[in-house]
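Below: the structure, in structure tokens.
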Amino acid sequence: MNDADVSKQIQQMVAFIRQEAEEKANEISVSAEEEFNIHKMQIVDTDKKKIKQEFERKTKQVEVKKKIEYSMQLNASRIKVLQAQDDLVTSMRDAASKELLNVSHNKKTYRKLIQSLIVQSLLRLKEPSVLLRCREVDLSLVESAIEDSKKEYASKAKVQAPMINIDKTVFLPPPPTSGDPHRPSCSGGVVLASVDGKIVFENTLDTRLDVAYRKKLPEIRKILFKE
């Protein structure tokens with residue numbers, strides 16, 4: 001084989017090797033491209049999931065925030081309504097309290113009421129001797145009603161008339177005034193106690209109003225607010 005044939009064979013071998021190398025390189029390139037695309041899709045899918053999860057998380061946060069704000073606004077509205085209702089009921093109680101001042105203006109009617117309050121107190125205490133306190137402005141009126149009260153009680157309770165000692169050193173607070181609305185005051189009535197002071201029955205007009213107010217409050221609220 002001469003040099004020309006050898007050179008030709010070498011060129012053929014080089015061409016074959018180059019072709020195989022190019023095919024292998026192309027195969028590697030295609031495979032790398034596929035792997036790249038697969039990896040890229042995986043990254044994209046992972047990022048999409050992360051973005052979706054983040055979006056869902058923020059959406060839930062917004063929903064929770066809206067619910068909290070709505071709940072706070074609703075509670076605030078309820079508090080305002082309840083406060084308005086309480087203010088109205090309190091104003092009614094204050095108006096009734098002011099009306100009590102007119103009770104003692106009619107001396108004849110007030111004396112009958114004082115007598116009834118004393119008798120009721122005696123029936124509650126059922127003591128043979130009691131201490132009575134009243135307002136200083138009512139002292140003479142109370143004194144004038146004592147005997148009738150004792151007789152009425154004795155008749156109702158079927159017992160001897162009790163001894164009623166009027167406390168002339170310590171009086172109930174005076175009537176309320178607009179000049180000093182915060183000082184202790186009493187709209188009228190009496191307070192009776194056993195001699196040893198262990199049993200006390202408050203039968204003032206203010207106390208009776210408080211009792212009636214607490215008792216009737218559910219009914220009042222039902223009428224006013226249709227609860």
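Residue names in the structure tokens use chain letters A, B, ... in the order shown, residue numbers from 1 in each chain, and ligand numbers from 1 in the order shown.
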Could you name the residues that touch Gln160 (chain A) at 9 Å or less, counting only C-alpha atoms, but leaving out those on the same chain fewer than 2 positions away, as number ranges by chain? A: 128, 150-151, 153-155, 157-158, 162
For C-alpha atoms, I'd like the residues from the last selection saved as a compact mmCIF listing (two decimals), in the first residue's frame.
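The new file out.txt reads:
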# COMPACT_ATOMS: atom_id res chain seq x y z
CA PRO A 128 -91.62 44.55 120.41
CA LYS A 150 -98.78 51.28 116.24
CA LYS A 151 -102.53 50.66 116.44
CA TYR A 153 -99.81 47.15 113.26
CA ALA A 154 -101.20 45.71 116.52
CA SER A 155 -104.53 45.10 114.78
CA ALA A 157 -100.37 41.34 113.68
CA LYS A 158 -102.73 40.50 116.57
CA PRO A 162 -94.74 47.95 119.91
Skip Lys112 (chain A) itself and residues of its chain fewer than 2 positions away, then list as number ranges by chain all residues within 12 Å of it, counting only C-alpha atoms. A: 103-104, 106-110, 114-119, 141-142, 144-146, 148-149, 152, 189
Looking only at alpha helix (DSSP H) from DSSP on the backbone, list the matching residues of region 27-220 of chain A as a ChimeraX atom specification. /A:27-100,107-125,139-157,205-220
From region 178-214 of chain A, collect each residue whose DSSP state is strand (DSSP E or B) and return the set as a ChimeraX atom specification. /A:189-194,200-204
Please produce an output containing all heavy atoms for each residue in the selection, written as an mmCIF file, in the first residue's frame.
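After the write, part.cif holds the following:
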data_model
loop_
_atom_site.group_PDB
_atom_site.id
_atom_site.type_symbol
_atom_site.label_atom_id
_atom_site.label_comp_id
_atom_site.auth_asym_id
_atom_site.auth_seq_id
_atom_site.Cartn_x
_atom_site.Cartn_y
_atom_site.Cartn_z
ATOM 1 N N GLY A 189 -89.647 58.735 103.415
ATOM 2 C CA GLY A 189 -89.782 57.387 103.939
ATOM 3 C C GLY A 189 -89.095 57.226 105.281
ATOM 4 O O GLY A 189 -88.675 58.219 105.902
ATOM 5 N N VAL A 190 -88.961 55.980 105.721
ATOM 6 C CA VAL A 190 -88.397 55.714 107.039
ATOM 7 C C VAL A 190 -87.461 54.507 106.992
ATOM 8 O O VAL A 190 -87.487 53.724 106.045
ATOM 9 C CB VAL A 190 -89.518 55.426 108.072
ATOM 10 C CG1 VAL A 190 -90.356 56.659 108.319
ATOM 11 C CG2 VAL A 190 -90.388 54.250 107.608
ATOM 12 N N VAL A 191 -86.641 54.394 108.041
ATOM 13 C CA VAL A 191 -85.797 53.217 108.253
ATOM 14 C C VAL A 191 -86.033 52.752 109.674
ATOM 15 O O VAL A 191 -85.888 53.533 110.613
ATOM 16 C CB VAL A 191 -84.303 53.540 108.037
ATOM 17 C CG1 VAL A 191 -83.448 52.332 108.432
ATOM 18 C CG2 VAL A 191 -84.035 53.922 106.591
ATOM 19 N N LEU A 192 -86.411 51.475 109.828
ATOM 20 C CA LEU A 192 -86.652 50.912 111.156
ATOM 21 C C LEU A 192 -85.627 49.818 111.436
ATOM 22 O O LEU A 192 -85.222 49.090 110.526
ATOM 23 C CB LEU A 192 -88.061 50.325 111.268
ATOM 24 C CG LEU A 192 -89.160 51.324 111.729
ATOM 25 C CD1 LEU A 192 -89.420 52.339 110.634
ATOM 26 C CD2 LEU A 192 -90.453 50.593 112.092
ATOM 27 N N ALA A 193 -85.222 49.710 112.693
ATOM 28 C CA ALA A 193 -84.234 48.699 113.080
ATOM 29 C C ALA A 193 -84.571 48.152 114.450
ATOM 30 O O ALA A 193 -85.235 48.815 115.271
ATOM 31 C CB ALA A 193 -82.834 49.309 113.092
ATOM 32 N N SER A 194 -84.109 46.918 114.696
ATOM 33 C CA SER A 194 -84.262 46.352 116.032
ATOM 34 C C SER A 194 -83.397 47.148 117.001
ATOM 35 O O SER A 194 -82.457 47.840 116.582
ATOM 36 C CB SER A 194 -83.852 44.878 116.025
ATOM 37 O OG SER A 194 -82.516 44.743 115.576
ATOM 38 N N VAL A 200 -82.225 45.537 110.220
ATOM 39 C CA VAL A 200 -82.544 46.874 109.695
ATOM 40 C C VAL A 200 -83.447 46.716 108.471
ATOM 41 O O VAL A 200 -83.178 45.889 107.597
ATOM 42 C CB VAL A 200 -81.266 47.643 109.293
ATOM 43 C CG1 VAL A 200 -81.645 49.012 108.730
ATOM 44 C CG2 VAL A 200 -80.336 47.789 110.485
ATOM 45 N N PHE A 201 -84.499 47.474 108.439
ATOM 46 C CA PHE A 201 -85.406 47.447 107.284
ATOM 47 C C PHE A 201 -85.512 48.852 106.715
ATOM 48 O O PHE A 201 -86.111 49.746 107.318
ATOM 49 C CB PHE A 201 -86.788 46.927 107.691
ATOM 50 C CG PHE A 201 -87.717 46.758 106.518
ATOM 51 C CD1 PHE A 201 -87.496 45.788 105.556
ATOM 52 C CD2 PHE A 201 -88.812 47.600 106.368
ATOM 53 C CE1 PHE A 201 -88.343 45.651 104.475
ATOM 54 C CE2 PHE A 201 -89.664 47.468 105.281
ATOM 55 C CZ PHE A 201 -89.436 46.482 104.329
ATOM 56 N N GLU A 202 -84.908 49.042 105.553
ATOM 57 C CA GLU A 202 -84.955 50.346 104.884
ATOM 58 C C GLU A 202 -86.231 50.439 104.064
ATOM 59 O O GLU A 202 -86.447 49.654 103.158
ATOM 60 C CB GLU A 202 -83.731 50.523 103.981
ATOM 61 C CG GLU A 202 -82.421 50.595 104.739
ATOM 62 C CD GLU A 202 -81.256 50.966 103.824
ATOM 63 O OE1 GLU A 202 -81.517 51.493 102.724
ATOM 64 O OE2 GLU A 202 -80.110 50.734 104.218
ATOM 65 N N ASN A 203 -87.047 51.399 104.406
ATOM 66 C CA ASN A 203 -88.302 51.579 103.687
ATOM 67 C C ASN A 203 -88.444 53.024 103.227
ATOM 68 O O ASN A 203 -89.493 53.653 103.391
ATOM 69 C CB ASN A 203 -89.476 51.192 104.598
ATOM 70 C CG ASN A 203 -90.604 50.526 103.807
ATOM 71 O OD1 ASN A 203 -90.471 50.293 102.611
ATOM 72 N ND2 ASN A 203 -91.709 50.231 104.476
ATOM 73 N N THR A 204 -87.357 53.527 102.661
ATOM 74 C CA THR A 204 -87.383 54.882 102.102
ATOM 75 C C THR A 204 -87.953 54.829 100.688
ATOM 76 O O THR A 204 -88.005 53.762 100.053
ATOM 77 C CB THR A 204 -85.985 55.493 102.057
ATOM 78 O OG1 THR A 204 -85.169 54.722 101.149
ATOM 79 C CG2 THR A 204 -85.335 55.499 103.431
#
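The two atoms in question, CA of Ala76 (chain A) and CA of Lys216 (chain A), are spaced 27.6 Å apart.
Residues in contact with Arg221 (chain A) at up to 10 Å, not including ones fewer than 6 positions away on its chain and judged by only C-alpha atoms, are Gln85, Asp86, Leu88, Val89 and Glu227 of chain A.
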Prev. selection, all heavy atoms, output as a JSON list (two decimals), in the first residue's frame:
[["chain", "number", "residue", "atom", "x", "y", "z"],
["A", 85, "GLN", "N", -79.13, 52.19, 75.10],
["A", 85, "GLN", "CA", -80.25, 51.60, 75.84],
["A", 85, "GLN", "C", -80.11, 51.86, 77.33],
["A", 85, "GLN", "O", -81.07, 52.23, 78.00],
["A", 85, "GLN", "CB", -80.32, 50.10, 75.56],
["A", 85, "GLN", "CG", -80.73, 49.75, 74.14],
["A", 85, "GLN", "CD", -80.74, 48.25, 73.91],
["A", 85, "GLN", "OE1", -80.30, 47.47, 74.74],
["A", 85, "GLN", "NE2", -81.25, 47.83, 72.75],
["A", 86, "ASP", "N", -78.89, 51.66, 77.85],
["A", 86, "ASP", "CA", -78.65, 51.90, 79.28],
["A", 86, "ASP", "C", -78.89, 53.36, 79.64],
["A", 86, "ASP", "O", -79.44, 53.67, 80.70],
["A", 86, "ASP", "CB", -77.22, 51.49, 79.65],
["A", 86, "ASP", "CG", -77.04, 49.99, 79.67],
["A", 86, "ASP", "OD1", -78.05, 49.28, 79.76],
["A", 86, "ASP", "OD2", -75.88, 49.54, 79.59],
["A", 88, "LEU", "N", -80.90, 55.41, 78.17],
["A", 88, "LEU", "CA", -82.35, 55.67, 78.15],
["A", 88, "LEU", "C", -83.01, 55.15, 79.42],
["A", 88, "LEU", "O", -83.82, 55.86, 80.05],
["A", 88, "LEU", "CB", -82.98, 55.01, 76.92],
["A", 88, "LEU", "CG", -84.51, 55.15, 76.79],
["A", 88, "LEU", "CD1", -84.91, 56.62, 76.76],
["A", 88, "LEU", "CD2", -85.01, 54.43, 75.55],
["A", 89, "VAL", "N", -82.66, 53.92, 79.80],
["A", 89, "VAL", "CA", -83.24, 53.33, 81.01],
["A", 89, "VAL", "C", -82.83, 54.13, 82.24],
["A", 89, "VAL", "O", -83.65, 54.38, 83.14],
["A", 89, "VAL", "CB", -82.82, 51.85, 81.15],
["A", 89, "VAL", "CG1", -83.29, 51.30, 82.49],
["A", 89, "VAL", "CG2", -83.39, 51.02, 80.01],
["A", 227, "GLU", "N", -86.96, 43.24, 73.26],
["A", 227, "GLU", "CA", -86.00, 42.16, 73.41],
["A", 227, "GLU", "C", -86.74, 40.83, 73.61],
["A", 227, "GLU", "O", -87.75, 40.77, 74.26],
["A", 227, "GLU", "CB", -85.09, 42.43, 74.62],
["A", 227, "GLU", "CG", -84.19, 43.63, 74.39],
["A", 227, "GLU", "CD", -83.26, 43.87, 75.57],
["A", 227, "GLU", "OE1", -83.46, 43.20, 76.61],
["A", 227, "GLU", "OE2", -82.36, 44.69, 75.45]]
Taking only C-alpha atoms into account, name the residue in A:Glu127, A:Ala84, A:Lys98, A:Arg93 that is nearest to Thr177 (chain A). A:Lys98
Cut-off 12 Å: closest region 41-133 of chain A/region 31-36 of chain A atom pairs per residue, using only C-alpha atoms, as a Markdown table:
| residue | atom | partner | partner_atom | distance |
| --- | --- | --- | --- | --- |
| A:Met41 | CA | A:Phe36 | CA | 8.5 |
| A:Gln42 | CA | A:Phe36 | CA | 9.7 |
| A:Ile43 | CA | A:Phe36 | CA | 10.3 |
| A:Val44 | CA | A:Phe36 | CA | 11.9 |
Within 9 Å of Leu101 (chain A), counting only C-alpha atoms, which residues qualify if same-chain residues fewer than 3 places away don't, as number ranges by chain? A: 97-98, 104-105, 175-176, 187-188
Restrict the selected residues to all heavy atoms and save them as a PDB file, in the first residue's frame.
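result_4.pdb, written as the output of this step:
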ATOM      1  N   SER A  97     -86.970  59.194  89.896  1.00  0.00           N
ATOM      2  CA  SER A  97     -86.396  59.660  91.153  1.00  0.00           C
ATOM      3  C   SER A  97     -86.781  61.111  91.424  1.00  0.00           C
ATOM      4  O   SER A  97     -87.080  61.489  92.566  1.00  0.00           O
ATOM      5  CB  SER A  97     -84.870  59.507  91.116  1.00  0.00           C
ATOM      6  OG  SER A  97     -84.298  59.898  92.340  1.00  0.00           O
ATOM      7  N   LYS A  98     -86.786  61.921  90.385  1.00  0.00           N
ATOM      8  CA  LYS A  98     -87.172  63.326  90.547  1.00  0.00           C
ATOM      9  C   LYS A  98     -88.648  63.448  90.921  1.00  0.00           C
ATOM     10  O   LYS A  98     -89.036  64.342  91.680  1.00  0.00           O
ATOM     11  CB  LYS A  98     -86.882  64.096  89.266  1.00  0.00           C
ATOM     12  CG  LYS A  98     -85.392  64.291  88.987  1.00  0.00           C
ATOM     13  CD  LYS A  98     -85.165  65.038  87.679  1.00  0.00           C
ATOM     14  CE  LYS A  98     -83.671  65.198  87.404  1.00  0.00           C
ATOM     15  NZ  LYS A  98     -83.404  65.887  86.120  1.00  0.00           N
ATOM     16  N   SER A 104     -93.779  64.086  98.841  1.00  0.00           N
ATOM     17  CA  SER A 104     -93.855  64.694 100.177  1.00  0.00           C
ATOM     18  C   SER A 104     -94.479  66.087 100.171  1.00  0.00           C
ATOM     19  O   SER A 104     -94.664  66.686 101.241  1.00  0.00           O
ATOM     20  CB  SER A 104     -92.456  64.773 100.796  1.00  0.00           C
ATOM     21  OG  SER A 104     -91.594  65.557  99.985  1.00  0.00           O
ATOM     22  N   HIS A 105     -94.831  66.605  99.018  1.00  0.00           N
ATOM     23  CA  HIS A 105     -95.402  67.942  98.947  1.00  0.00           C
ATOM     24  C   HIS A 105     -96.818  67.979  99.510  1.00  0.00           C
ATOM     25  O   HIS A 105     -97.232  68.954 100.152  1.00  0.00           O
ATOM     26  CB  HIS A 105     -95.403  68.451  97.505  1.00  0.00           C
ATOM     27  CG  HIS A 105     -94.013  68.756  97.004  1.00  0.00           C
ATOM     28  ND1 HIS A 105     -93.746  69.050  95.686  1.00  0.00           N
ATOM     29  CD2 HIS A 105     -92.820  68.798  97.649  1.00  0.00           C
ATOM     30  CE1 HIS A 105     -92.446  69.260  95.538  1.00  0.00           C
ATOM     31  NE2 HIS A 105     -91.871  69.111  96.724  1.00  0.00           N
ATOM     32  N   PRO A 175     -83.619  66.068 101.597  1.00  0.00           N
ATOM     33  CA  PRO A 175     -84.039  65.918 100.201  1.00  0.00           C
ATOM     34  C   PRO A 175     -82.916  66.346  99.247  1.00  0.00           C
ATOM     35  O   PRO A 175     -82.098  67.214  99.591  1.00  0.00           O
ATOM     36  CB  PRO A 175     -85.239  66.853 100.085  1.00  0.00           C
ATOM     37  CG  PRO A 175     -85.723  67.028 101.485  1.00  0.00           C
ATOM     38  CD  PRO A 175     -84.504  66.964 102.347  1.00  0.00           C
ATOM     39  N   PRO A 176     -82.865  65.749  98.051  1.00  0.00           N
ATOM     40  CA  PRO A 176     -81.832  66.138  97.076  1.00  0.00           C
ATOM     41  C   PRO A 176     -82.058  67.557  96.569  1.00  0.00           C
ATOM     42  O   PRO A 176     -83.184  68.057  96.543  1.00  0.00           O
ATOM     43  CB  PRO A 176     -82.009  65.109  95.952  1.00  0.00           C
ATOM     44  CG  PRO A 176     -83.422  64.649  96.065  1.00  0.00           C
ATOM     45  CD  PRO A 176     -83.741  64.689  97.538  1.00  0.00           C
ATOM     46  N   SER A 187     -85.382  60.963  99.488  1.00  0.00           N
ATOM     47  CA  SER A 187     -86.619  61.567  98.993  1.00  0.00           C
ATOM     48  C   SER A 187     -87.783  61.400  99.960  1.00  0.00           C
ATOM     49  O   SER A 187     -88.856  61.950  99.733  1.00  0.00           O
ATOM     50  CB  SER A 187     -86.990  60.950  97.635  1.00  0.00           C
ATOM     51  OG  SER A 187     -85.973  61.175  96.685  1.00  0.00           O
ATOM     52  N   GLY A 188     -87.576  60.640 101.038  1.00  0.00           N
ATOM     53  CA  GLY A 188     -88.635  60.456 102.021  1.00  0.00           C
ATOM     54  C   GLY A 188     -88.698  59.013 102.478  1.00  0.00           C
ATOM     55  O   GLY A 188     -87.929  58.160 102.048  1.00  0.00           O
TER      56      GLY A 188
END
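Distance-wise, CA of Val195 (chain A) and CA of Lys126 (chain A) end up 11.9 Å apart.
For the choices A:Lys67, A:Ser185, A:Gly197, A:Lys168, the atom-to-atom distance to Leu125 (chain A) is smallest for A:Gly197 when using only C-alpha atoms.
If you count only C-alpha atoms and ignore residues fewer than 2 places along the chain from Leu172 (chain A), what sits within 7 Å of it is A:Arg133, A:Cys134, A:Arg135, A:Val170, A:Pro174, A:Cys186.
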Convert the current residue selection to file output with N, CA and C atoms, as a PDB file, in the first residue's frame.
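The result, written out as part23.pdb:
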ATOM      1  N   ARG A 133     -85.786  55.942 112.151  1.00  0.00           N
ATOM      2  CA  ARG A 133     -85.086  57.127 111.644  1.00  0.00           C
ATOM      3  C   ARG A 133     -85.839  57.682 110.447  1.00  0.00           C
ATOM      4  N   CYS A 134     -85.848  58.998 110.359  1.00  0.00           N
ATOM      5  CA  CYS A 134     -86.508  59.675 109.246  1.00  0.00           C
ATOM      6  C   CYS A 134     -85.708  60.927 108.897  1.00  0.00           C
ATOM      7  N   ARG A 135     -86.166  61.637 107.902  1.00  0.00           N
ATOM      8  CA  ARG A 135     -85.535  62.921 107.581  1.00  0.00           C
ATOM      9  C   ARG A 135     -85.927  63.941 108.651  1.00  0.00           C
ATOM     10  N   VAL A 170     -79.657  61.265 114.960  1.00  0.00           N
ATOM     11  CA  VAL A 170     -79.161  60.886 113.631  1.00  0.00           C
ATOM     12  C   VAL A 170     -80.348  60.775 112.683  1.00  0.00           C
ATOM     13  N   PRO A 174     -81.071  64.732 103.923  1.00  0.00           N
ATOM     14  CA  PRO A 174     -82.149  65.640 103.515  1.00  0.00           C
ATOM     15  C   PRO A 174     -82.558  65.410 102.061  1.00  0.00           C
ATOM     16  N   CYS A 186     -82.171  61.887 100.491  1.00  0.00           N
ATOM     17  CA  CYS A 186     -83.280  60.946 100.690  1.00  0.00           C
ATOM     18  C   CYS A 186     -84.569  61.645 100.279  1.00  0.00           C
TER      19      CYS A 186
END
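For the set A:Thr169, A:Leu122, A:Val137, A:Lys60, the residue with the smallest atom-to-atom gap to Lys156 (chain A) is A:Leu122, counting only C-alpha atoms.
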